[in-house]
Amino acid sequence: MGLGLYQFPKEEKEFMQRLFFIVIAGILMSGCASEKKKQELERVSNIAYTTITDSIYSSMPGKITALNGRVYWHDVTEADNFIHVVDASSGKEVYSFGNMGDGPNDFAMPIPSVSTEGFYLSDLQKGIEHLYVFGEDGACHVDRGSLEKNSEVTRMLHVGKSTIIALTPGAENLFKVSCNGTTQAGGKFPLSEKVGNAFYLYQGNMDYNANRNRLVYSSMSFPYLATYSLDGCKLSLDKELPEKIDYTVQDGNLVTAKDSKRGAMELALTKNHIVTLDRDVVVEGEKPKGASPRDPSTLPHSLFIYDYELNLTHILNMQFPILRICGDSQGDVVYAIVLSPEYKLIQINISSINDSRNAK
Amino acid sequence: MKKNILKATLVAAFGLIAGFNVYNSQKSDVMSELALANVEALADDAESGEDFTNGTDCVAVWENYTCRGKDGKLYSYSIPKANS
């Protein structure tokens, strides 16, 4: 009598072999998926940058936008020629335009934006819009037009020739899209509460990547990021990245908890990345209580880099305060106005962050 | 005598070099005049800032917010006083 092993029938043996391979394949696949999720957030403290110009003479540089190798920056404290155009390769200012005032071509509340058509200055209080286009001769041509007045709009984007996306934080819907003579309202408010201070609460930044057909919105009052796709006049929510917010509703107004985290201060889109300007408390510490609301010590030093699936992949910790950012959607370049020690315009090529990740 | 003069010169030179290095290390922590002027203009606007806030109920900030003032007008780069 031997200690014989039980001999499984042939069919059972084959079944168990197949089951074994399926289980192993399943383990391997789930391991790969979780490996992708577990890709660690990378902090980069030594990314190279180029100074384009340190001739940013303003006590308050406003919004910056970039188009075709030129950076447009808005001097919000200047009444005459408040838009400055800098050639990014030479660093020279090539043009300035835009006057504040009561004249028919003067602005009261200018909203700058760019599209493939050129640089727009829109004013929904006065109902005017100017399109500035640089010709091949380097001359700047101005096309003056009109707009329907609307005091609900805080941001505007032009998509191509005939589509305008407006951010209307206090209206019934978050966005208003006008195209080909029709208008459609849409978008999802970050919070479901209907509150009296929505006009302030849901203000944020937005930008559009035409190559990916993605509108990106980020709230400034609390952390929230969302992407939308545009189909004609209709915006469809693609992804959102909410964070838990501590708030109460008092007298019909939503009030966030004191010291609760604010949203990103600025937003920029590049070809492959969404970039936000925010404080990295791990490296910078908590936001100090400044001597005034415009105390430079309260400015953040970090750029948060996301992919278009809203995965946070990198944080660039810069050595100086950053005030404004914008992106070049044709490449992976971010332009920024920083305080080091005076205001200067710099350029950061963020495509190298992918190289360092791939090299590992 | 010559030896004393030489010693004194060496001590003075050493003191100058040390002092210059201390000054340089502090300079990097101090904003340039232009930035200081920026800050002073902003801070100064502690007075004009106060006037702005009193007249509008809006407070000037870094972020590109739009504030609806109590005078019914819209003001950029400012938030309602109640939210500051």
# chains A, B, ... in the order shown; residues from 1 in each chain; ligands from 1

call {"tool": "residues_around", "arguments": {"residues": "range 138-150 of chain A", "least_positions_apart": "3", "cutoff": "6 Å", "atoms": "only C-alpha atoms", "output": "PDB file with N, CA and C atoms, in the first residue's frame"}}
result
ATOM      1  N   LEU A 124     -18.553  94.137 -20.579  1.00  0.00           N
ATOM      2  CA  LEU A 124     -19.985  93.864 -20.563  1.00  0.00           C
ATOM      3  C   LEU A 124     -20.760  94.920 -19.809  1.00  0.00           C
ATOM      4  N   GLN A 125     -20.042  95.858 -19.181  1.00  0.00           N
ATOM      5  CA  GLN A 125     -20.753  96.977 -18.550  1.00  0.00           C
ATOM      6  C   GLN A 125     -21.046  98.019 -19.617  1.00  0.00           C
ATOM      7  N   GLY A 127     -20.761  97.279 -22.948  1.00  0.00           N
ATOM      8  CA  GLY A 127     -21.283  96.634 -24.151  1.00  0.00           C
ATOM      9  C   GLY A 127     -20.374  96.787 -25.363  1.00  0.00           C
ATOM     10  N   ILE A 128     -19.051  96.787 -25.140  1.00  0.00           N
ATOM     11  CA  ILE A 128     -18.120  96.904 -26.273  1.00  0.00           C
ATOM     12  C   ILE A 128     -17.109  95.757 -26.260  1.00  0.00           C
ATOM     13  N   GLU A 129     -16.571  95.477 -27.435  1.00  0.00           N
ATOM     14  CA  GLU A 129     -15.540  94.438 -27.550  1.00  0.00           C
ATOM     15  C   GLU A 129     -14.583  94.800 -28.676  1.00  0.00           C
ATOM     16  N   HIS A 130     -13.298  94.737 -28.367  1.00  0.00           N
ATOM     17  CA  HIS A 130     -12.276  95.003 -29.372  1.00  0.00           C
ATOM     18  C   HIS A 130     -11.471  93.746 -29.602  1.00  0.00           C
ATOM     19  N   LEU A 131     -11.165  93.465 -30.876  1.00  0.00           N
ATOM     20  CA  LEU A 131     -10.322  92.323 -31.231  1.00  0.00           C
ATOM     21  C   LEU A 131      -9.027  92.869 -31.813  1.00  0.00           C
ATOM     22  N   TYR A 132      -7.909  92.495 -31.203  1.00  0.00           N
ATOM     23  CA  TYR A 132      -6.596  92.972 -31.639  1.00  0.00           C
ATOM     24  C   TYR A 132      -5.879  91.818 -32.331  1.00  0.00           C
ATOM     25  N   VAL A 133      -5.473  92.072 -33.574  1.00  0.00           N
ATOM     26  CA  VAL A 133      -4.811  91.027 -34.355  1.00  0.00           C
ATOM     27  C   VAL A 133      -3.489  91.566 -34.877  1.00  0.00           C
ATOM     28  N   PHE A 134      -2.422  90.823 -34.649  1.00  0.00           N
ATOM     29  CA  PHE A 134      -1.126  91.227 -35.178  1.00  0.00           C
ATOM     30  C   PHE A 134      -0.977  90.661 -36.579  1.00  0.00           C
ATOM     31  N   GLY A 135      -0.653  91.551 -37.521  1.00  0.00           N
ATOM     32  CA  GLY A 135      -0.438  91.101 -38.880  1.00  0.00           C
ATOM     33  C   GLY A 135       0.983  90.595 -39.051  1.00  0.00           C
TER      34      GLY A 135
END

call {"tool": "interface_residues", "arguments": {"of": "chain A", "to": "chain B", "cutoff": "9 Å", "atoms": "only C-alpha atoms", "output": "ChimeraX atom specification"}}
result
/A:57-60,62-63,76,109,125,151,154,199-200,203-205,220,255,265-266,291-296,299,323,339-343

call {"tool": "atom_distance", "arguments": {"atom1": "CA of Asp328 in chain A", "atom2": "CA of Tyr49 in chain A"}}
result
14.9 Å

call {"tool": "atom_distance", "arguments": {"atom1": "CA of Asp238 in chain A", "atom2": "CA of Tyr306 in chain A"}}
result
14.9 Å

call {"tool": "select_by_dssp", "arguments": {"residues": "range 117-285 of chain A", "states": "alpha helix (DSSP H)", "output": "CSV table (one decimal) with all heavy atoms, in the first residue's frame"}}
result
chain,number,residue,atom,x,y,z
A,198,ALA,N,-23.9,83.6,-4.2
A,198,ALA,CA,-23.4,82.7,-5.2
A,198,ALA,C,-22.5,83.5,-6.2
A,198,ALA,O,-21.5,83.0,-6.7
A,198,ALA,CB,-24.5,82.1,-6.0
A,199,PHE,N,-22.8,84.8,-6.4
A,199,PHE,CA,-22.0,85.6,-7.3
A,199,PHE,C,-20.5,85.7,-6.8
A,199,PHE,O,-19.6,85.7,-7.6
A,199,PHE,CB,-22.6,87.0,-7.4
A,199,PHE,CG,-21.8,87.9,-8.4
A,199,PHE,CD1,-22.0,87.8,-9.7
A,199,PHE,CD2,-20.9,88.9,-7.9
A,199,PHE,CE1,-21.2,88.7,-10.6
A,199,PHE,CE2,-20.2,89.7,-8.7
A,199,PHE,CZ,-20.4,89.6,-10.1
A,200,TYR,N,-20.3,85.8,-5.5
A,200,TYR,CA,-19.0,85.8,-5.0
A,200,TYR,C,-18.4,84.3,-4.9
A,200,TYR,O,-17.3,84.0,-5.3
A,200,TYR,CB,-19.0,86.4,-3.6
A,200,TYR,CG,-17.8,86.0,-2.8
A,200,TYR,CD1,-16.5,86.5,-3.1
A,200,TYR,CD2,-17.9,85.1,-1.7
A,200,TYR,CE1,-15.4,86.1,-2.3
A,200,TYR,CE2,-16.8,84.7,-1.0
A,200,TYR,CZ,-15.5,85.2,-1.3
A,200,TYR,OH,-14.4,84.7,-0.6
A,201,LEU,N,-19.3,83.4,-4.4
A,201,LEU,CA,-18.8,82.1,-4.0
A,201,LEU,C,-18.3,81.3,-5.2
A,201,LEU,O,-17.3,80.6,-5.1
A,201,LEU,CB,-20.0,81.4,-3.4
A,201,LEU,CG,-19.7,80.1,-2.7
A,201,LEU,CD1,-18.9,80.3,-1.4
A,201,LEU,CD2,-21.0,79.3,-2.3
A,281,VAL,N,1.0,73.7,1.3
A,281,VAL,CA,1.3,73.9,2.8
A,281,VAL,C,2.3,73.0,3.3
A,281,VAL,O,3.0,73.3,4.3
A,281,VAL,CB,-0.1,73.7,3.6
A,281,VAL,CG1,-1.0,74.9,3.3
A,281,VAL,CG2,-0.7,72.4,3.4
A,282,VAL,N,2.6,71.8,2.7
A,282,VAL,CA,3.6,70.9,3.1
A,282,VAL,C,5.0,71.6,3.1
A,282,VAL,O,5.8,71.4,4.0
A,282,VAL,CB,3.6,69.6,2.3
A,282,VAL,CG1,4.8,68.7,2.6
A,282,VAL,CG2,2.3,68.8,2.5
A,283,VAL,N,5.2,72.3,2.0
A,283,VAL,CA,6.5,73.0,1.8
A,283,VAL,C,6.5,74.4,2.3
A,283,VAL,O,7.4,74.9,2.9
A,283,VAL,CB,6.9,72.9,0.3
A,283,VAL,CG1,8.1,73.8,0.0
A,283,VAL,CG2,7.1,71.5,-0.1
A,284,GLU,N,5.4,75.2,2.0
A,284,GLU,CA,5.3,76.6,2.4
A,284,GLU,C,4.8,76.9,3.7
A,284,GLU,O,4.9,78.0,4.2
A,284,GLU,CB,4.5,77.3,1.3
A,284,GLU,CG,5.0,77.2,-0.1
A,284,GLU,CD,4.0,77.8,-1.1
A,284,GLU,OE1,3.7,79.0,-0.9
A,284,GLU,OE2,3.5,77.2,-2.0

call {"tool": "residues_around", "arguments": {"residues": "range 168-180 of chain A", "least_positions_apart": "5", "cutoff": "6 Å", "atoms": "only C-alpha atoms", "output": "list in words"}}
result
Glu152, Val153, Ser162, Thr163, Ala185, Gly186, Gly187, Phe189, Ala198, Phe199, Tyr202, Gln203 and Cys233 of chain A

call {"tool": "write_last_selection", "arguments": {"atoms": "all heavy atoms", "output": "short mmCIF file (atom, residue, chain, number, x, y, z; two decimals), in the first residue's frame"}}
result
data_model
loop_
_atom_site.label_atom_id
_atom_site.label_comp_id
_atom_site.auth_asym_id
_atom_site.auth_seq_id
_atom_site.Cartn_x
_atom_site.Cartn_y
_atom_site.Cartn_z
N GLU A 152 -23.81 89.92 -14.98
CA GLU A 152 -23.66 88.63 -14.29
C GLU A 152 -22.34 87.94 -14.64
O GLU A 152 -21.96 86.99 -14.00
CB GLU A 152 -24.80 87.69 -14.68
CG GLU A 152 -26.17 88.12 -14.20
CD GLU A 152 -26.30 88.04 -12.70
OE1 GLU A 152 -25.61 87.20 -12.08
OE2 GLU A 152 -27.07 88.82 -12.11
N VAL A 153 -21.68 88.43 -15.72
CA VAL A 153 -20.50 87.72 -16.24
C VAL A 153 -19.23 88.19 -15.55
O VAL A 153 -18.99 89.39 -15.44
CB VAL A 153 -20.38 87.96 -17.77
CG1 VAL A 153 -19.10 87.34 -18.30
CG2 VAL A 153 -21.59 87.39 -18.49
N SER A 162 -17.07 82.18 -33.55
CA SER A 162 -18.46 82.49 -33.25
C SER A 162 -18.98 81.98 -31.92
O SER A 162 -20.17 82.10 -31.65
CB SER A 162 -19.34 81.90 -34.37
OG SER A 162 -19.05 80.53 -34.50
N THR A 163 -18.12 81.44 -31.07
CA THR A 163 -18.62 80.90 -29.79
C THR A 163 -18.01 81.67 -28.64
O THR A 163 -16.80 81.92 -28.61
CB THR A 163 -18.27 79.41 -29.66
OG1 THR A 163 -18.82 78.71 -30.77
CG2 THR A 163 -18.81 78.83 -28.36
N ALA A 185 -27.63 77.99 -21.58
CA ALA A 185 -27.04 78.03 -20.25
C ALA A 185 -26.76 76.60 -19.79
O ALA A 185 -27.49 75.67 -20.18
CB ALA A 185 -27.99 78.72 -19.28
N GLY A 186 -25.73 76.41 -19.01
CA GLY A 186 -25.42 75.05 -18.55
C GLY A 186 -24.33 75.05 -17.51
O GLY A 186 -23.95 76.10 -16.98
N GLY A 187 -23.82 73.87 -17.21
CA GLY A 187 -22.76 73.74 -16.23
C GLY A 187 -23.29 73.33 -14.88
O GLY A 187 -24.47 73.54 -14.58
N PHE A 189 -22.94 73.72 -10.76
CA PHE A 189 -22.35 74.45 -9.64
C PHE A 189 -21.60 73.45 -8.75
O PHE A 189 -22.05 72.33 -8.55
CB PHE A 189 -23.43 75.16 -8.83
CG PHE A 189 -23.95 76.42 -9.51
CD1 PHE A 189 -25.19 76.42 -10.13
CD2 PHE A 189 -23.19 77.58 -9.52
CE1 PHE A 189 -25.66 77.57 -10.76
CE2 PHE A 189 -23.66 78.72 -10.15
CZ PHE A 189 -24.89 78.72 -10.77
N ALA A 198 -23.92 83.56 -4.17
CA ALA A 198 -23.36 82.72 -5.25
C ALA A 198 -22.45 83.53 -6.17
O ALA A 198 -21.46 83.03 -6.69
CB ALA A 198 -24.49 82.07 -6.04
N PHE A 199 -22.80 84.80 -6.41
CA PHE A 199 -21.99 85.63 -7.32
C PHE A 199 -20.54 85.70 -6.85
O PHE A 199 -19.61 85.66 -7.64
CB PHE A 199 -22.58 87.04 -7.44
CG PHE A 199 -21.81 87.95 -8.37
CD1 PHE A 199 -21.95 87.83 -9.74
CD2 PHE A 199 -20.93 88.91 -7.87
CE1 PHE A 199 -21.23 88.66 -10.61
CE2 PHE A 199 -20.21 89.74 -8.73
CZ PHE A 199 -20.36 89.62 -10.10
N TYR A 202 -19.02 81.36 -6.32
CA TYR A 202 -18.67 80.48 -7.44
C TYR A 202 -17.79 81.16 -8.49
O TYR A 202 -17.59 80.61 -9.57
CB TYR A 202 -19.94 79.93 -8.08
CG TYR A 202 -20.76 79.08 -7.12
CD1 TYR A 202 -22.09 79.33 -6.89
CD2 TYR A 202 -20.15 78.03 -6.42
CE1 TYR A 202 -22.83 78.57 -6.00
CE2 TYR A 202 -20.89 77.26 -5.52
CZ TYR A 202 -22.22 77.53 -5.32
OH TYR A 202 -22.93 76.77 -4.43
N GLN A 203 -17.26 82.35 -8.16
CA GLN A 203 -16.31 82.97 -9.10
C GLN A 203 -15.06 82.10 -9.18
O GLN A 203 -14.65 81.47 -8.22
CB GLN A 203 -15.94 84.39 -8.63
CG GLN A 203 -17.03 85.39 -8.89
CD GLN A 203 -16.55 86.82 -8.73
OE1 GLN A 203 -15.48 87.18 -9.20
NE2 GLN A 203 -17.38 87.62 -8.05
N CYS A 233 -23.20 74.40 -28.91
CA CYS A 233 -23.46 75.36 -27.85
C CYS A 233 -23.56 74.68 -26.49
O CYS A 233 -23.82 75.33 -25.49
CB CYS A 233 -24.81 76.03 -28.10
SG CYS A 233 -24.67 77.76 -28.59
#

call {"tool": "select_by_dssp", "arguments": {"residues": "range 60-181 of chain A", "states": "strand (DSSP E)", "output": "VMD selection string"}}
result
chain A and resid 61 to 67 70 to 75 83 to 87 93 to 97 111 to 115 118 to 123 128 to 134 140 to 146 155 to 159 163 to 167 175 to 179

call {"tool": "residues_around", "arguments": {"residues": "Gly91 in chain A", "least_positions_apart": "3", "cutoff": "8 Å", "atoms": "only C-alpha atoms", "output": "PyMOL selection string"}}
result
chain A and resi 52-53+86-88

call {"tool": "write_last_selection", "arguments": {"atoms": "C-alpha atoms", "output": "PDB file, in the first residue's frame"}}
result
ATOM      1  CA  ILE A  52      11.528  87.052 -20.359  1.00  0.00           C
ATOM      2  CA  THR A  53      11.543  90.570 -18.935  1.00  0.00           C
ATOM      3  CA  VAL A  86       5.642  91.419 -24.746  1.00  0.00           C
ATOM      4  CA  ASP A  87       7.426  89.358 -27.354  1.00  0.00           C
ATOM      5  CA  ALA A  88       8.329  86.179 -25.445  1.00  0.00           C
TER       6      ALA A  88
END

call {"tool": "residues_around", "arguments": {"residues": "Leu316 in chain A", "least_positions_apart": "5", "cutoff": "9 Å", "atoms": "only C-alpha atoms", "output": "list of chain:residue names"}}
result
A:Glu42, A:Arg43, A:Val44, A:Ser45, A:Asn46, A:Ile47, A:His301, A:Ser302, A:Leu303, A:Phe304, A:Ile305

call {"tool": "residues_around", "arguments": {"residues": "Val216 in chain A", "least_positions_apart": "3", "cutoff": "8 Å", "atoms": "only C-alpha atoms", "output": "PyMOL selection string"}}
result
chain A and resi 206-208+225-228

call {"tool": "write_last_selection", "arguments": {"atoms": "C-alpha atoms", "output": "PDB file, in the first residue's frame"}}
result
ATOM      1  CA  MET A 206     -11.700  79.155 -16.705  1.00  0.00           C
ATOM      2  CA  ASP A 207      -9.796  78.347 -19.854  1.00  0.00           C
ATOM      3  CA  TYR A 208     -10.284  76.237 -22.966  1.00  0.00           C
ATOM      4  CA  LEU A 225     -11.716  71.702 -10.456  1.00  0.00           C
ATOM      5  CA  ALA A 226     -13.929  70.519 -13.339  1.00  0.00           C
ATOM      6  CA  THR A 227     -13.563  69.800 -17.034  1.00  0.00           C
ATOM      7  CA  TYR A 228     -16.257  70.069 -19.692  1.00  0.00           C
TER       8      TYR A 228
END

call {"tool": "closest_residue", "arguments": {"among": "A:Gly69, A:Pro223, A:Pro9, A:Gly232", "to": "Val334 in chain A", "atoms": "only C-alpha atoms"}}
result
A:Gly69
